[in-house]
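Comments concern the structure below.
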Amino acid sequence: MAAAPELDAIVLADDPLARVRIAGLPAFERAVRVARRVGASRVLVVDGARATRGELATWRAGRHAPVLVIRADQLVHTPLVAPLVAAMPTEGVAAAVGSDGGYAGAFVATGAAAEHAVASLARGETDAAIVDAAEATRIPHGAIARHAITTREERRAAHKLLYRILVKPQDNAITRYLYRPVSFPLTRLLVWTPITPNQISMLVAVMVAIGCWLAASPSMNRVIAGTVLILAASYVDCCDGEIARVKLLSSRLGAWLDTVVDELSSVGYMVALGLHCHLHFGDRYGFEPWFPAIVVGVITYGWSIYCVYYNIIVAVGSANSQDYVGRFDVVPGRSPGSVRLVPAAAKAIAPKRPLPPWLQFLATYLPYVVRRDFIAWGSVVLAVLHLTQVSFALQVLGGVVSAAILTGDHLRLRAQRRAIRRAGQVLESPAA
């Protein structure tokens, strides 16, 4: 697949509104991050201090890459310019427009049109005038792309618009209704601080480590305290991704750091709980199953983690375990002789007769029971009830069941990849 073309970006920040802070970021800085997010390797902020319009020609001298121009007197977000870059013309100007067809404050220019646009900006012309004169192709921008920030009411509305991106499509009902209502207010406070998502992930790791240390003791009170601390860590853990999305700080390193902490916390708490059961219950049941169960749990958890991450790295092209796909279909690739893997379409099972309400309830919500966010709450309840042996047994059993299911998916994926190689076809990278 051809490499993406090099891209220069100019952020017009000479309006005082460019310094208005929305969710902790000045408008011009958000525009810079948006430009880099869509692939700009060089970004110049024109605000009279960092650079003046007269310096544009010098900055651009000898360059022939396309130019992305973003006006920073408004809140901007990636969907404003991503469609422009995706539809970049070979020669000419493409401008982002709103639902009313009006110019939305961003355009991309290529070829001679790029040189003309830079020269026009250097002479003091407005970006809107350049778009009008060039008879630009008009590209509708995406959702949550921009908002005016002139008045206090507009700034409040801009905050509300931006915070809509905090809800992830992968969120289940427990996350959406039990976790996000707590993490959202915390995120709204943290975005105004210099704290980064990776620092939050490291804080979560420390909280989990302390929680596991507390849980690995014979005292029920210490187990309860450690379990509650780990539950609190799961709420804080929601904030790193939320801050990354709001402040455009998402990175592959951050995604891996977050997911590694999540997986180690699950294994660590299971082991800590097993040690607690060994110290607290001993051979009360006529035998001591705790250490063999810990070994089984570590092996099945470790194998499950391997299967999940083989899947998302090799077949999905992600660093987020929530993107795991159980089954794939093989479809033609983008080039001759190549194929790619895509998630298999879900097949609905229509019951012959309506299910009883209790069975419908179980069918809807039982899958959530195996998710980490539910397990964190369930562990607290069982610890408070002094049923830590039940909690440990359920976690080990969950590891065994998960490993069995994931093994089937893993073997199926391996078989598909072998069949593709035997057929002499090229399997495209999931990032292609």
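In the structure tokens, each chain is lettered A, B, ... as it comes, each chain's residues begin at 1, and ligands are numbered from 1 in order of appearance.
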Original post:
Hey, what's within 12 Å of region 217-230 of chain A if we count only C-alpha atoms and toss same-chain stuff fewer than 3 positions away? As a PyMOL selection string, please?
Top reply: chain A and resi 203-214+233-237+261-262+265-266+268-282+372-373+375-389+391-392
Original post:
Could you name the residues that touch Arg414 (chain A) at 12 Å or less, counting only C-alpha atoms, but leaving out those on the same chain fewer than 2 positions away, as a list in words?
Top reply: Cys307, Tyr310, Asn311, Val314, Ala315, Arg327, Phe328, Leu341, Thr407, Gly408, Asp409, His410, Leu411, Arg412, Gln416, Arg417, Arg418, Ala419, Ile420 and Arg421 of chain A
Subject >> Selected residue of minimal separation from Trp303 (chain A) among A:Gly399, A:Gly102, A:Pro185, A:Gly326, counting only C-alpha atoms >> reply: A:Gly399
**OP:** Pick out the closest residue to Asp127 (chain A) from this set: A:Val34, A:Gly54, A:Leu12, A:Met88. Count only C-alpha atoms.
**Re:** A:Leu12
**OP:** Just the helix (DSSP H, G or I) stuff from region 111-352 of chain A, please, per backbone DSSP, written as a ChimeraX atom specification.
**Re:** /A:112-122,127-134,152-166,173-190,197-215,220-246,252-280,290-316,321-323
Subject >> For Ala136 (chain A), the nearest of the candidates A:Asp240, A:Asp8, A:Glu153, A:Glu91, counting only C-alpha atoms >> reply: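 That would be A:Glu91, the residue with the smallest distance to Ala136 (chain A).
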Original post:
Which residues, written as number ranges by chain, have at least one atom at most 10 Å from Leu25 (chain A), with only C-alpha atoms counted and residues fewer than 3 positions away on the same chain left out?
Top reply: A: 19-22, 28-31, 75, 191-193, 246-248
Original post:
From the set A:Leu162, A:Ala319, A:Ile10, A:Ala157, which residue has the shortest atom-to-atom contact distance to Arg36 (chain A), counting only C-alpha atoms?
Top reply: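 Smallest separation from Arg36 (chain A) among the options: A:Ile10.
When only C-alpha atoms are used to measure the gap to Ile70 (chain A), the shortest distance among A:Ala18, A:Val11, A:Val46, A:Val108 belongs to A:Val11.
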